[in-house]
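Reproduced below: structure09.cif, with mmCIF, C-alpha atoms and all ligand atoms.
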```
data_model
#
loop_
_atom_site.label_atom_id
_atom_site.label_comp_id
_atom_site.auth_asym_id
_atom_site.auth_seq_id
_atom_site.Cartn_x
_atom_site.Cartn_y
_atom_site.Cartn_z
CA MET A 961 12.28 -107.31 -63.13
CA PHE A 962 11.65 -104.12 -61.13
CA GLY A 963 11.24 -100.59 -62.45
CA LEU A 964 11.68 -97.04 -61.23
CA ILE A 965 9.76 -94.14 -62.76
CA GLY A 966 11.64 -90.97 -61.98
CA HIS A 967 11.89 -87.35 -62.97
CA LEU A 968 14.33 -84.49 -62.52
CA THR A 969 13.87 -81.57 -60.16
CA SER A 970 13.80 -78.61 -62.57
CA LEU A 971 14.24 -77.63 -66.21
CA GLU A 972 17.82 -76.53 -65.51
CA HIS A 973 18.58 -79.89 -63.89
CA ALA A 974 17.01 -81.73 -66.84
CA GLN A 975 19.08 -79.79 -69.37
CA SER A 976 22.35 -80.50 -67.56
CA VAL A 977 21.52 -84.20 -67.17
CA ALA A 978 20.58 -84.53 -70.85
CA ARG A 979 23.99 -83.14 -71.77
CA GLU A 980 25.73 -85.52 -69.34
CA LEU A 981 23.84 -88.61 -70.53
CA GLY A 982 24.59 -87.93 -74.18
CA TYR A 983 21.25 -86.49 -75.36
CA PRO A 984 22.52 -83.10 -76.68
CA GLU A 985 19.28 -82.66 -78.68
CA TYR A 986 17.39 -82.39 -75.33
CA ALA A 987 19.95 -80.19 -73.59
CA ASP A 988 19.19 -76.84 -75.20
CA GLN A 989 15.42 -77.22 -75.25
CA GLY A 990 12.84 -75.34 -73.18
CA LEU A 991 9.84 -76.58 -71.18
CA ASP A 992 7.60 -77.04 -74.27
CA PHE A 993 10.03 -79.60 -75.64
CA TRP A 994 10.01 -81.56 -72.37
CA CYS A 995 6.20 -81.44 -72.42
CA SER A 996 6.20 -83.38 -75.67
CA ALA A 997 9.17 -85.70 -74.98
CA PRO A 998 8.24 -89.41 -74.64
CA PRO A 999 9.33 -91.58 -71.69
CA GLN A 1000 12.68 -93.35 -72.06
CA ILE A 1001 14.44 -96.23 -70.36
CA VAL A 1002 17.81 -94.64 -69.56
CA ASP A 1003 19.40 -97.10 -67.15
CA THR A 1004 19.71 -100.84 -66.65
CA ILE A 1005 20.24 -101.84 -63.05
CA THR A 1006 21.54 -104.90 -61.19
CA VAL A 1007 21.07 -105.08 -57.42
CA THR A 1008 22.53 -107.73 -55.15
CA SER A 1009 20.83 -108.32 -51.80
CA ALA A 1010 22.72 -108.90 -48.57
CA THR A 1011 21.35 -112.46 -48.92
CA GLY A 1012 23.23 -112.88 -52.21
CA GLN A 1013 20.09 -112.78 -54.40
CA LYS A 1014 20.46 -110.72 -57.61
CA ILE A 1015 17.71 -108.82 -59.45
CA GLU A 1016 17.50 -106.69 -62.59
CA GLY A 1017 15.70 -103.42 -63.09
CA ARG A 1018 15.11 -100.50 -65.43
CA TYR A 1019 14.95 -96.77 -64.79
CA VAL A 1020 12.22 -95.03 -66.79
CA GLU A 1021 12.63 -91.25 -67.16
CA SER A 1022 9.12 -89.82 -67.46
CA CYS A 1023 10.35 -86.39 -68.69
CA PHE A 1024 7.96 -84.75 -66.18
CA LEU A 1025 9.31 -81.53 -64.63
CA PRO A 1026 7.85 -79.71 -61.58
CA GLU A 1027 7.63 -76.51 -63.67
CA MET A 1028 4.78 -78.19 -65.60
CA LEU A 1029 2.62 -77.92 -62.46
CA ALA A 1030 3.81 -74.41 -61.62
CA THR A 1031 2.87 -73.22 -65.14
CA ARG A 1032 -0.42 -75.14 -65.20
CA ARG A 1033 0.60 -77.57 -67.95
CA ILE A 1034 -1.49 -80.18 -66.16
CA LYS A 1035 -2.34 -82.21 -69.25
CA ALA A 1036 1.32 -82.56 -70.11
CA ALA A 1037 2.15 -83.55 -66.51
CA THR A 1038 -0.53 -86.26 -66.36
CA ARG A 1039 0.40 -87.58 -69.82
CA LYS A 1040 4.03 -87.96 -68.68
CA ILE A 1041 3.07 -90.22 -65.79
CA ILE A 1042 0.55 -92.38 -67.64
CA ASN A 1043 2.87 -92.79 -70.63
CA ALA A 1044 5.80 -93.74 -68.36
CA MET A 1045 3.61 -96.38 -66.66
CA ALA A 1046 2.54 -97.81 -70.02
CA HIS A 1047 6.19 -97.81 -71.13
CA ALA A 1048 7.24 -99.75 -68.02
CA GLN A 1049 4.43 -102.28 -68.46
CA LYS A 1050 5.17 -102.72 -72.18
CA HIS A 1051 8.75 -103.64 -71.26
CA GLY A 1052 7.57 -106.48 -69.05
CA ILE A 1053 8.44 -104.88 -65.71
CA ASN A 1054 6.69 -106.69 -62.84
CA ILE A 1055 6.74 -103.98 -60.18
CA THR A 1056 7.53 -100.30 -60.71
CA ALA A 1057 7.86 -97.49 -58.15
CA LEU A 1058 6.25 -94.16 -58.97
CA GLY A 1059 9.00 -91.84 -57.69
CA GLY A 1060 8.69 -88.26 -56.39
CA PHE A 1061 5.78 -86.36 -57.94
CA SER A 1062 4.68 -89.31 -60.14
CA SER A 1063 2.38 -90.78 -57.48
CA ILE A 1064 1.22 -87.32 -56.35
CA ILE A 1065 0.09 -86.49 -59.89
CA PHE A 1066 -1.49 -89.93 -60.24
CA GLU A 1067 -3.58 -89.33 -57.11
CA ASN A 1068 -4.32 -85.63 -57.42
CA PHE A 1069 -5.57 -85.91 -60.99
CA ASN A 1070 -7.43 -89.22 -60.55
CA LEU A 1071 -5.38 -91.07 -63.13
CA GLN A 1072 -6.82 -94.40 -61.98
CA GLN A 1073 -9.71 -93.56 -64.32
CA ILE A 1074 -7.36 -93.94 -67.28
CA ARG A 1075 -6.77 -97.62 -67.92
CA GLN A 1076 -6.15 -97.69 -71.64
CA VAL A 1077 -3.01 -96.02 -73.02
CA ARG A 1078 -2.99 -96.71 -76.78
CA ASN A 1079 -2.61 -100.51 -76.97
CA VAL A 1080 -1.65 -100.98 -73.30
CA LYS A 1081 -4.29 -101.72 -70.64
CA LEU A 1082 -2.63 -100.54 -67.45
CA GLU A 1083 -2.44 -103.13 -64.68
CA PHE A 1084 -2.19 -101.04 -61.52
CA GLU A 1085 -1.06 -104.01 -59.42
CA ARG A 1086 2.28 -103.68 -61.23
CA PHE A 1087 2.92 -100.29 -59.58
CA THR A 1088 3.63 -99.03 -56.08
CA THR A 1089 4.06 -95.49 -54.77
CA GLY A 1090 6.91 -96.67 -52.52
CA ASN A 1091 5.53 -94.45 -49.77
CA THR A 1092 5.32 -97.18 -47.08
CA HIS A 1093 9.06 -97.75 -47.21
CA THR A 1094 9.72 -94.00 -47.43
CA ALA A 1095 7.61 -93.33 -44.33
CA TYR A 1096 9.28 -96.22 -42.47
CA ILE A 1097 12.78 -94.93 -43.33
CA ILE A 1098 11.94 -91.36 -42.29
CA CYS A 1099 10.65 -92.64 -38.93
CA ARG A 1100 13.84 -94.61 -38.38
CA GLN A 1101 15.82 -91.48 -39.30
CA VAL A 1102 13.89 -89.50 -36.67
CA GLU A 1103 14.61 -92.17 -34.05
CA GLN A 1104 18.27 -92.71 -34.87
CA ALA A 1105 19.49 -89.26 -36.00
CA SER A 1106 17.87 -87.58 -32.97
CA LYS A 1107 20.20 -89.67 -30.80
CA GLN A 1108 23.17 -88.65 -32.94
CA VAL A 1109 22.54 -84.93 -32.29
CA GLY A 1110 21.59 -85.30 -28.65
CA ILE A 1111 17.81 -84.81 -28.88
CA ASP A 1112 15.77 -86.92 -26.47
CA LEU A 1113 12.49 -87.83 -28.20
CA SER A 1114 10.62 -88.07 -24.91
CA GLN A 1115 11.33 -84.35 -24.40
CA ALA A 1116 11.09 -83.35 -28.05
CA THR A 1117 8.60 -81.44 -30.16
CA VAL A 1118 8.44 -82.86 -33.68
CA ALA A 1119 6.87 -80.76 -36.45
CA VAL A 1120 5.69 -82.54 -39.59
CA CYS A 1121 5.35 -80.25 -42.60
CA GLY A 1122 3.01 -82.06 -45.00
CA ALA A 1123 1.44 -83.96 -42.08
CA THR A 1124 -1.80 -84.79 -43.91
CA GLY A 1125 -0.01 -86.28 -46.92
CA ASP A 1126 0.45 -89.97 -47.62
CA ILE A 1127 3.97 -90.05 -46.16
CA GLY A 1128 3.35 -87.35 -43.52
CA SER A 1129 0.29 -89.04 -42.04
CA ALA A 1130 2.11 -92.39 -41.80
CA VAL A 1131 5.04 -90.68 -40.08
CA CYS A 1132 2.64 -89.09 -37.57
CA ARG A 1133 0.94 -92.46 -36.91
CA TRP A 1134 4.29 -94.13 -36.26
CA LEU A 1135 5.70 -91.35 -34.07
CA ASP A 1136 2.50 -91.39 -32.02
CA ALA A 1137 2.29 -95.17 -31.58
CA ARG A 1138 5.89 -96.35 -31.64
CA THR A 1139 7.83 -93.59 -29.89
CA ASP A 1140 7.42 -91.54 -26.74
CA VAL A 1141 7.73 -88.24 -28.59
CA ALA A 1142 6.53 -85.42 -26.33
CA GLU A 1143 4.66 -83.21 -28.82
CA LEU A 1144 3.58 -83.31 -32.46
CA LEU A 1145 2.99 -80.18 -34.55
CA LEU A 1146 0.87 -80.76 -37.65
CA ILE A 1147 1.50 -78.47 -40.62
CA ALA A 1148 -0.32 -78.32 -43.98
CA ARG A 1149 -2.68 -75.89 -45.72
CA ASN A 1150 -6.06 -77.67 -45.75
CA GLN A 1151 -7.60 -77.26 -42.29
CA GLU A 1152 -10.26 -79.98 -42.68
CA ARG A 1153 -7.69 -82.65 -43.43
CA LEU A 1154 -5.56 -81.40 -40.51
CA GLN A 1155 -8.50 -81.69 -38.16
CA ALA A 1156 -9.29 -85.20 -39.42
CA LEU A 1157 -5.67 -86.23 -38.75
CA GLN A 1158 -5.71 -84.64 -35.31
CA GLU A 1159 -8.90 -86.58 -34.52
CA GLU A 1160 -7.42 -89.85 -35.80
CA LEU A 1161 -4.26 -89.39 -33.70
CA GLY A 1162 -6.08 -87.99 -30.71
CA ARG A 1163 -3.24 -85.50 -30.33
CA GLY A 1164 -1.07 -82.99 -32.18
CA LYS A 1165 -1.23 -79.19 -32.46
CA ILE A 1166 -2.30 -77.72 -35.79
CA MET A 1167 0.04 -74.88 -36.64
CA GLY A 1168 1.33 -72.64 -39.42
CA LEU A 1169 4.92 -73.14 -40.53
CA GLU A 1170 6.18 -69.77 -39.24
CA GLU A 1171 4.75 -70.40 -35.80
CA ALA A 1172 5.96 -74.01 -35.63
CA LEU A 1173 9.59 -73.55 -36.70
CA PRO A 1174 10.94 -71.88 -33.52
CA GLN A 1175 9.16 -74.44 -31.30
CA ALA A 1176 10.40 -77.63 -32.94
CA ASP A 1177 13.39 -79.76 -31.98
CA ILE A 1178 12.90 -81.89 -35.08
CA ILE A 1179 11.20 -80.91 -38.36
CA VAL A 1180 10.17 -83.58 -40.84
CA TRP A 1181 9.68 -82.04 -44.29
CA VAL A 1182 7.34 -84.10 -46.48
CA ALA A 1183 5.26 -81.46 -48.24
CA SER A 1184 4.63 -81.74 -51.98
CA MET A 1185 6.17 -78.39 -52.90
CA PRO A 1186 7.30 -77.97 -56.51
CA LYS A 1187 9.89 -75.47 -55.16
CA GLY A 1188 11.46 -75.33 -51.69
CA VAL A 1189 10.87 -72.65 -49.04
CA GLU A 1190 13.72 -70.55 -47.68
CA ILE A 1191 13.98 -70.53 -43.92
CA ASP A 1192 16.07 -68.44 -41.56
CA PRO A 1193 18.14 -70.85 -39.40
CA THR A 1194 18.56 -68.24 -36.67
CA THR A 1195 14.86 -68.69 -35.79
CA LEU A 1196 15.39 -72.42 -35.05
CA LYS A 1197 16.17 -74.11 -31.76
CA GLN A 1198 19.68 -75.37 -31.07
CA PRO A 1199 20.05 -78.24 -31.52
CA CYS A 1200 17.51 -78.71 -34.27
CA LEU A 1201 17.25 -81.63 -36.66
CA LEU A 1202 15.77 -81.00 -40.13
CA ILE A 1203 14.89 -84.15 -42.08
CA ASP A 1204 14.03 -83.12 -45.63
CA GLY A 1205 12.20 -85.94 -47.44
CA GLY A 1206 10.80 -83.76 -50.23
CA TYR A 1207 11.64 -84.32 -53.89
CA PRO A 1208 12.29 -81.63 -55.01
CA LYS A 1209 13.64 -80.67 -51.59
CA ASN A 1210 11.30 -78.70 -49.29
CA LEU A 1211 14.22 -76.57 -48.10
CA GLY A 1212 15.04 -73.99 -50.74
CA ASN A 1213 18.29 -72.78 -49.19
CA THR A 1214 21.42 -74.51 -47.96
CA ILE A 1215 21.52 -74.28 -44.19
CA LYS A 1216 24.82 -74.05 -42.37
CA HIS A 1217 24.29 -72.90 -38.82
CA PRO A 1218 25.70 -74.10 -35.50
CA GLY A 1219 23.46 -76.70 -33.88
CA VAL A 1220 21.21 -77.06 -36.93
CA HIS A 1221 21.57 -80.47 -38.57
CA VAL A 1222 20.11 -81.18 -42.01
CA LEU A 1223 19.56 -84.79 -43.08
CA ASN A 1224 18.50 -85.99 -46.52
CA GLY A 1225 15.17 -87.66 -45.68
CA GLY A 1226 13.67 -90.85 -47.13
CA ILE A 1227 17.07 -92.01 -48.35
CA VAL A 1228 18.51 -95.48 -47.80
CA GLU A 1229 22.00 -96.80 -48.04
CA HIS A 1230 22.56 -100.26 -49.47
CA SER A 1231 25.26 -102.47 -48.01
CA LEU A 1232 26.60 -103.38 -51.46
CA ASP A 1233 27.33 -101.28 -54.54
CA ILE A 1234 24.51 -101.05 -57.08
CA ASP A 1235 25.45 -101.20 -60.73
CA TRP A 1236 23.74 -98.07 -62.16
CA ARG A 1237 24.42 -94.45 -63.05
CA ILE A 1238 21.13 -92.79 -62.25
CA MET A 1239 21.83 -91.82 -58.62
CA SER A 1240 24.87 -89.68 -59.54
CA ILE A 1241 22.44 -87.69 -61.69
CA VAL A 1242 20.25 -86.83 -58.70
CA ASN A 1243 23.33 -85.79 -56.72
CA MET A 1244 23.50 -88.50 -54.07
CA ASP A 1245 26.71 -88.26 -52.02
CA VAL A 1246 27.47 -91.96 -52.53
CA PRO A 1247 25.64 -92.75 -55.79
CA ALA A 1248 26.52 -96.46 -55.88
CA ARG A 1249 24.87 -97.08 -52.50
CA GLN A 1250 22.36 -94.31 -51.73
CA LEU A 1251 18.87 -94.14 -53.20
CA PHE A 1252 15.33 -93.00 -52.59
CA ALA A 1253 13.42 -95.30 -50.25
CA CYS A 1254 10.49 -95.42 -52.69
CA PHE A 1255 12.77 -96.87 -55.38
CA ALA A 1256 14.13 -99.36 -52.86
CA GLU A 1257 10.53 -100.46 -52.20
CA SER A 1258 10.15 -101.78 -55.74
CA MET A 1259 13.48 -103.62 -55.34
CA LEU A 1260 12.25 -105.16 -52.07
CA LEU A 1261 8.98 -106.27 -53.68
CA GLU A 1262 10.96 -107.85 -56.52
CA PHE A 1263 13.34 -109.62 -54.09
CA GLU A 1264 10.34 -110.97 -52.21
CA LYS A 1265 8.32 -111.66 -55.40
CA LEU A 1266 5.51 -109.61 -53.86
CA TYR A 1267 3.98 -108.52 -57.14
CA THR A 1268 1.33 -106.25 -55.71
CA ASN A 1269 0.75 -102.52 -55.42
CA PHE A 1270 2.00 -102.61 -51.85
CA SER A 1271 1.62 -98.83 -51.39
CA TRP A 1272 -1.41 -97.42 -53.16
CA GLY A 1273 -4.02 -94.71 -52.74
CA ARG A 1274 -3.72 -92.06 -50.09
CA ASN A 1275 -3.46 -92.20 -46.27
CA GLN A 1276 -3.78 -95.98 -46.12
CA ILE A 1277 -0.31 -96.78 -44.79
CA THR A 1278 -0.63 -98.93 -41.69
CA LEU A 1279 1.95 -99.64 -38.98
CA GLU A 1280 1.73 -103.35 -39.90
CA LYS A 1281 2.74 -102.60 -43.50
CA MET A 1282 5.57 -100.36 -42.29
CA ASP A 1283 6.78 -103.22 -40.07
CA LEU A 1284 6.65 -105.67 -42.97
CA ILE A 1285 8.54 -103.48 -45.44
CA GLY A 1286 10.97 -102.55 -42.65
CA GLN A 1287 11.79 -106.20 -41.99
CA VAL A 1288 12.53 -106.97 -45.64
CA SER A 1289 14.49 -103.73 -45.96
CA VAL A 1290 16.85 -104.88 -43.19
CA LYS A 1291 16.95 -108.45 -44.56
CA HIS A 1292 18.14 -107.30 -47.99
CA GLY A 1293 20.78 -104.91 -46.63
CA PHE A 1294 19.21 -101.43 -46.69
CA ARG A 1295 19.56 -98.97 -43.83
CA PRO A 1296 18.39 -95.40 -43.28
CA LEU A 1297 20.84 -92.65 -44.17
CA LEU A 1298 22.14 -90.99 -41.00
CA ILE A 1299 24.30 -87.96 -40.23
CA PRO A 1300 27.89 -88.78 -41.19
CA SER A 1301 30.22 -88.86 -38.20
CA SER A 1302 32.78 -86.07 -38.57
P1 LIG A 1401 0.99 -85.97 -50.70
O1 LIG A 1401 0.48 -85.24 -51.90
O2 LIG A 1401 0.28 -87.19 -50.26
O3 LIG A 1401 1.03 -84.96 -49.45
C1 LIG A 1401 1.61 -83.71 -49.53
C2 LIG A 1401 1.44 -82.98 -48.20
O4 LIG A 1401 2.09 -81.71 -48.30
C3 LIG A 1401 -0.01 -82.70 -47.83
O5 LIG A 1401 -0.13 -82.75 -46.42
C4 LIG A 1401 -0.21 -81.26 -48.31
O6 LIG A 1401 -1.31 -80.69 -47.62
C5 LIG A 1401 1.15 -80.69 -47.91
N1 LIG A 1401 1.57 -79.46 -48.61
C6 LIG A 1401 1.65 -79.24 -49.93
N2 LIG A 1401 2.10 -77.99 -50.17
C7 LIG A 1401 2.30 -77.43 -48.96
C8 LIG A 1401 2.76 -76.15 -48.53
N3 LIG A 1401 3.07 -75.21 -49.41
N4 LIG A 1401 2.86 -75.91 -47.19
C9 LIG A 1401 2.55 -76.85 -46.28
N5 LIG A 1401 2.09 -78.09 -46.63
C10 LIG A 1401 1.98 -78.35 -47.95
O7 LIG A 1401 2.55 -86.25 -51.00
P2 LIG A 1401 3.46 -87.50 -50.59
O8 LIG A 1401 3.27 -87.77 -49.15
O9 LIG A 1401 3.29 -88.60 -51.57
O10 LIG A 1401 4.95 -86.90 -50.87
C11 LIG A 1401 5.50 -85.87 -50.07
C12 LIG A 1401 6.91 -85.48 -50.55
O11 LIG A 1401 7.77 -86.62 -50.46
C13 LIG A 1401 7.00 -85.02 -52.00
O12 LIG A 1401 7.96 -83.98 -52.12
C14 LIG A 1401 7.51 -86.24 -52.73
O13 LIG A 1401 8.15 -85.96 -53.96
C15 LIG A 1401 8.47 -86.80 -51.71
N6 LIG A 1401 8.75 -88.23 -51.88
C16 LIG A 1401 9.99 -88.70 -51.50
C17 LIG A 1401 10.29 -90.04 -51.63
C18 LIG A 1401 11.62 -90.61 -51.23
O14 LIG A 1401 11.87 -91.78 -51.55
N7 LIG A 1401 12.48 -89.87 -50.54
C19 LIG A 1401 9.30 -90.99 -52.15
C20 LIG A 1401 8.04 -90.42 -52.49
C21 LIG A 1401 7.78 -89.09 -52.33
P3 LIG A 1401 -2.06 -79.36 -48.17
O15 LIG A 1401 -2.26 -79.55 -49.64
O16 LIG A 1401 -3.30 -79.30 -47.35
O17 LIG A 1401 -1.12 -78.22 -47.86
#
```

Kindly transcribe the structure held in the file into structure tokens.
Ligand code: NDP
Amino acid sequence: MFGLIGHLTSLEHAQSVARELGYPEYADQGLDFWCSAPPQIVDTITVTSATGQKIEGRYVESCFLPEMLATRRIKAATRKIINAMAHAQKHGINITALGGFSSIIFENFNLQQIRQVRNVKLEFERFTTGNTHTAYIICRQVEQASKQVGIDLSQATVAVCGATGDIGSAVCRWLDARTDVAELLLIARNQERLQALQEELGRGKIMGLEEALPQADIIVWVASMPKGVEIDPTTLKQPCLLIDGGYPKNLGNTIKHPGVHVLNGGIVEHSLDIDWRIMSIVNMDVPARQLFACFAESMLLEFEKLYTNFSWGRNQITLEKMDLIGQVSVKHGFRPLLIPSS
């Protein structure tokens, strides 16, 4: 059995979902209530592979909300993740993806030091961040969606916002080694990590967001921002492709501007319907088929019986691992979400 540990994008989102799912006692509560709410299994999932193989999974809602970080409720945030992991393990789940901010909190607050959660001794090999598959899918989206909007990668400048992150650094490695992209712009706040990445790649210009936006043909958004930034589309090139892989989204405003194309990043489409209700809650356009690539990674590991923490730690995603997860992704019927043809 596979598992998905997820969370909602804001308190407002959580309240509306609680109402929808039939938990009215959660719906009118404020952040303090969510800080003390225990994890819950709220969905039972069946996925059929393109090969015909069927697997079962569970969705564990951690009750973490990004506002907990913004208001410095760090203890509550870390407790949410550790408790959700213990909950998944207690229910016999073999491999569970730590979705969205779950793996970021795990890493940033060194939660690997905590092994014992009440009577559960956490076995980390039962968990994966899902970031290898996410990075692979975003790279394929860059390659394929650029063609859709008429951008030639060999002439293109690609900016990666969140370049030094786990997903961002893997995307940079792939774009450098596997494509003929003309220029890479590396965006993040910590200059030391940016310089280390630039050294590793042997290329890339370190730049602030404001400076980079008007120069980029493609912008990959993979920064861990609890709240999105608002950008002015008139400052962008035309055409410009924005691939937003953040959860919550990095882009804080809806962009509708001629020549500017926005693609939901790190999202896969399955070739068969999945029996679940959780993806309608996170507002996927086609909830029966579309899902986060990190969640799909735990499904792929379950299909392949690869019970190992395939993606773990930070900045350790190799091209070989991206190739491997990419092959099984195709085999089981997943493909990157692209721009719908109008
Ligand atoms: P990491 O914590 O590893 O990296 C985050 C990156 O963002 C770092 O480079 C960080 O550098 C940068 N960053 C953070 N804040 C800012 C800011 N204000 N301006 C510019 N750069 C910033 O995160 P991950 O790589 O694990 O995840 C990245 C995003 O992808 C998250 O939103 C996450 O929820 C989402 N995600 C999506 C998945 C999917 O399936 N679609 C799966 C997993 C994650 P610095 O701190 O130096 O600024």

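Nearest to A:Gly1293 of all the residues A:Asp1177, A:Ile965, A:Gly1205, A:Thr1011 is A:Thr1011, based on all atoms listed in the file.
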
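Each of A:Gln1101, A:Ser1302, A:Thr1124, A:Gln1115 was compared to A:Ile1203 using all atoms listed in the file, and A:Gln1101 turns out to be the nearest.
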
**OP:** Taking the point (16.4, -71.4, -43.6) as given in the file, collect each protein or nucleic acid residue that comes within 7 Å of it, counting only C-alpha atoms, and present the set as an NGL selection string.
**Re:** :A and (1190-1193 or 1213 or 1215)

Limited to C-alpha atoms, could you put the picked residues into a file as a compact mmCIF listing (two decimals), keeping the file's coordinate frame?
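Saved file selection32.txt follows:
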```txt
# COMPACT_ATOMS: atom_id res chain seq x y z
CA GLU A 1190 13.72 -70.55 -47.68
CA ILE A 1191 13.98 -70.53 -43.92
CA ASP A 1192 16.07 -68.44 -41.56
CA PRO A 1193 18.14 -70.85 -39.40
CA ASN A 1213 18.29 -72.78 -49.19
CA ILE A 1215 21.52 -74.28 -44.19
```

For the contact check between chain A and ligand LIG 1401 (chain A), emit one row per residue of chain A within 7 Å, containing the shortest atom pair and the distance in Å rounded to one decimal, counting only C-alpha atoms and all ligand atoms, chain then rising number order, as a tab-separated table.
```
residue	atom	partner	partner_atom	distance
A:Gly1059	CA	A:LIG1401	C20	5.5
A:Gly1060	CA	A:LIG1401	O13	3.4
A:Phe1061	CA	A:LIG1401	O13	4.6
A:Ser1063	CA	A:LIG1401	O9	6.4
A:Ile1064	CA	A:LIG1401	O1	5.0
A:Thr1089	CA	A:LIG1401	C20	6.8
A:Gly1090	CA	A:LIG1401	C19	6.2
A:Asn1091	CA	A:LIG1401	C20	5.5
A:Thr1094	CA	A:LIG1401	O14	5.2
A:Cys1121	CA	A:LIG1401	N5	5.6
A:Gly1122	CA	A:LIG1401	O4	3.4
A:Ala1123	CA	A:LIG1401	O5	4.8
A:Thr1124	CA	A:LIG1401	O5	3.6
A:Gly1125	CA	A:LIG1401	O3	3.0
A:Asp1126	CA	A:LIG1401	O2	3.8
A:Ile1127	CA	A:LIG1401	O8	3.8
A:Gly1128	CA	A:LIG1401	O8	5.6
A:Ile1147	CA	A:LIG1401	C9	6.0
A:Ala1148	CA	A:LIG1401	N5	3.6
A:Arg1149	CA	A:LIG1401	O17	3.5
A:Asn1150	CA	A:LIG1401	O16	3.6
A:Gln1151	CA	A:LIG1401	O16	6.9
A:Arg1153	CA	A:LIG1401	O16	6.8
A:Val1182	CA	A:LIG1401	C12	4.3
A:Ala1183	CA	A:LIG1401	O4	3.2
A:Ser1184	CA	A:LIG1401	O12	4.0
A:Met1185	CA	A:LIG1401	N2	4.9
A:Gly1205	CA	A:LIG1401	N7	5.0
A:Gly1206	CA	A:LIG1401	O12	3.4
A:Tyr1207	CA	A:LIG1401	O13	3.9
A:Pro1208	CA	A:LIG1401	O12	5.7
A:Lys1209	CA	A:LIG1401	O12	6.6
A:Asn1210	CA	A:LIG1401	O12	6.9
A:Gly1225	CA	A:LIG1401	N7	6.0
A:Gly1226	CA	A:LIG1401	N7	3.7
A:Ile1227	CA	A:LIG1401	N7	5.5
A:Phe1252	CA	A:LIG1401	O14	3.8
A:Ala1253	CA	A:LIG1401	O14	4.1
A:Cys1254	CA	A:LIG1401	O14	4.1
A:Phe1255	CA	A:LIG1401	O14	6.4
A:Arg1274	CA	A:LIG1401	O2	6.3
```

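Compared by their closest atoms to A:Ala1036, and using all atoms listed in the file, the residues A:Gln989, A:Ser996, A:Thr1268, A:Asn1070 rank with A:Ser996 nearest.
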
Could you name the residues that touch stretch 1143-1146 of chain A at 12 Å or less, counting all atoms listed in the file, but leaving out those on the same chain fewer than 4 positions away, as a short mmCIF file (atom, residue, chain, number, x, y, z; two decimals) with C-alpha atoms, keeping the file's coordinate frame?
```cif
data_model
loop_
_atom_site.label_atom_id
_atom_site.label_comp_id
_atom_site.auth_asym_id
_atom_site.auth_seq_id
_atom_site.Cartn_x
_atom_site.Cartn_y
_atom_site.Cartn_z
CA ASP A 1112 15.77 -86.92 -26.47
CA LEU A 1113 12.49 -87.83 -28.20
CA SER A 1114 10.62 -88.07 -24.91
CA GLN A 1115 11.33 -84.35 -24.40
CA ALA A 1116 11.09 -83.35 -28.05
CA THR A 1117 8.60 -81.44 -30.16
CA VAL A 1118 8.44 -82.86 -33.68
CA ALA A 1119 6.87 -80.76 -36.45
CA VAL A 1120 5.69 -82.54 -39.59
CA CYS A 1121 5.35 -80.25 -42.60
CA GLY A 1122 3.01 -82.06 -45.00
CA ALA A 1123 1.44 -83.96 -42.08
CA THR A 1124 -1.80 -84.79 -43.91
CA GLY A 1125 -0.01 -86.28 -46.92
CA GLY A 1128 3.35 -87.35 -43.52
CA SER A 1129 0.29 -89.04 -42.04
CA VAL A 1131 5.04 -90.68 -40.08
CA CYS A 1132 2.64 -89.09 -37.57
CA ARG A 1133 0.94 -92.46 -36.91
CA TRP A 1134 4.29 -94.13 -36.26
CA LEU A 1135 5.70 -91.35 -34.07
CA ASP A 1136 2.50 -91.39 -32.02
CA ALA A 1137 2.29 -95.17 -31.58
CA THR A 1139 7.83 -93.59 -29.89
CA ASN A 1150 -6.06 -77.67 -45.75
CA GLN A 1151 -7.60 -77.26 -42.29
CA ARG A 1153 -7.69 -82.65 -43.43
CA LEU A 1154 -5.56 -81.40 -40.51
CA GLN A 1155 -8.50 -81.69 -38.16
CA ALA A 1156 -9.29 -85.20 -39.42
CA LEU A 1157 -5.67 -86.23 -38.75
CA GLN A 1158 -5.71 -84.64 -35.31
CA GLU A 1159 -8.90 -86.58 -34.52
CA LEU A 1161 -4.26 -89.39 -33.70
CA GLY A 1162 -6.08 -87.99 -30.71
CA ARG A 1163 -3.24 -85.50 -30.33
CA GLY A 1164 -1.07 -82.99 -32.18
CA LYS A 1165 -1.23 -79.19 -32.46
CA ILE A 1166 -2.30 -77.72 -35.79
CA MET A 1167 0.04 -74.88 -36.64
CA GLY A 1168 1.33 -72.64 -39.42
CA LEU A 1169 4.92 -73.14 -40.53
CA GLU A 1170 6.18 -69.77 -39.24
CA GLU A 1171 4.75 -70.40 -35.80
CA ALA A 1172 5.96 -74.01 -35.63
CA LEU A 1173 9.59 -73.55 -36.70
CA PRO A 1174 10.94 -71.88 -33.52
CA GLN A 1175 9.16 -74.44 -31.30
CA ALA A 1176 10.40 -77.63 -32.94
CA ASP A 1177 13.39 -79.76 -31.98
CA ILE A 1178 12.90 -81.89 -35.08
CA ILE A 1179 11.20 -80.91 -38.36
CA VAL A 1180 10.17 -83.58 -40.84
CA TRP A 1181 9.68 -82.04 -44.29
CA VAL A 1182 7.34 -84.10 -46.48
CA ALA A 1183 5.26 -81.46 -48.24
#
```

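Excluding A:Gly1052 and any residue on its chain fewer than 3 positions from it, the residues at most 8 Å away by all atoms listed in the file are Met961, Ala1048 and Gln1049 of chain A.
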
Let me see the file: selected residues, C-alpha atoms, as a CSV table (one decimal), in the frame of the given file.
```
chain,number,residue,atom,x,y,z
A,961,MET,CA,12.3,-107.3,-63.1
A,1048,ALA,CA,7.2,-99.8,-68.0
A,1049,GLN,CA,4.4,-102.3,-68.5
```
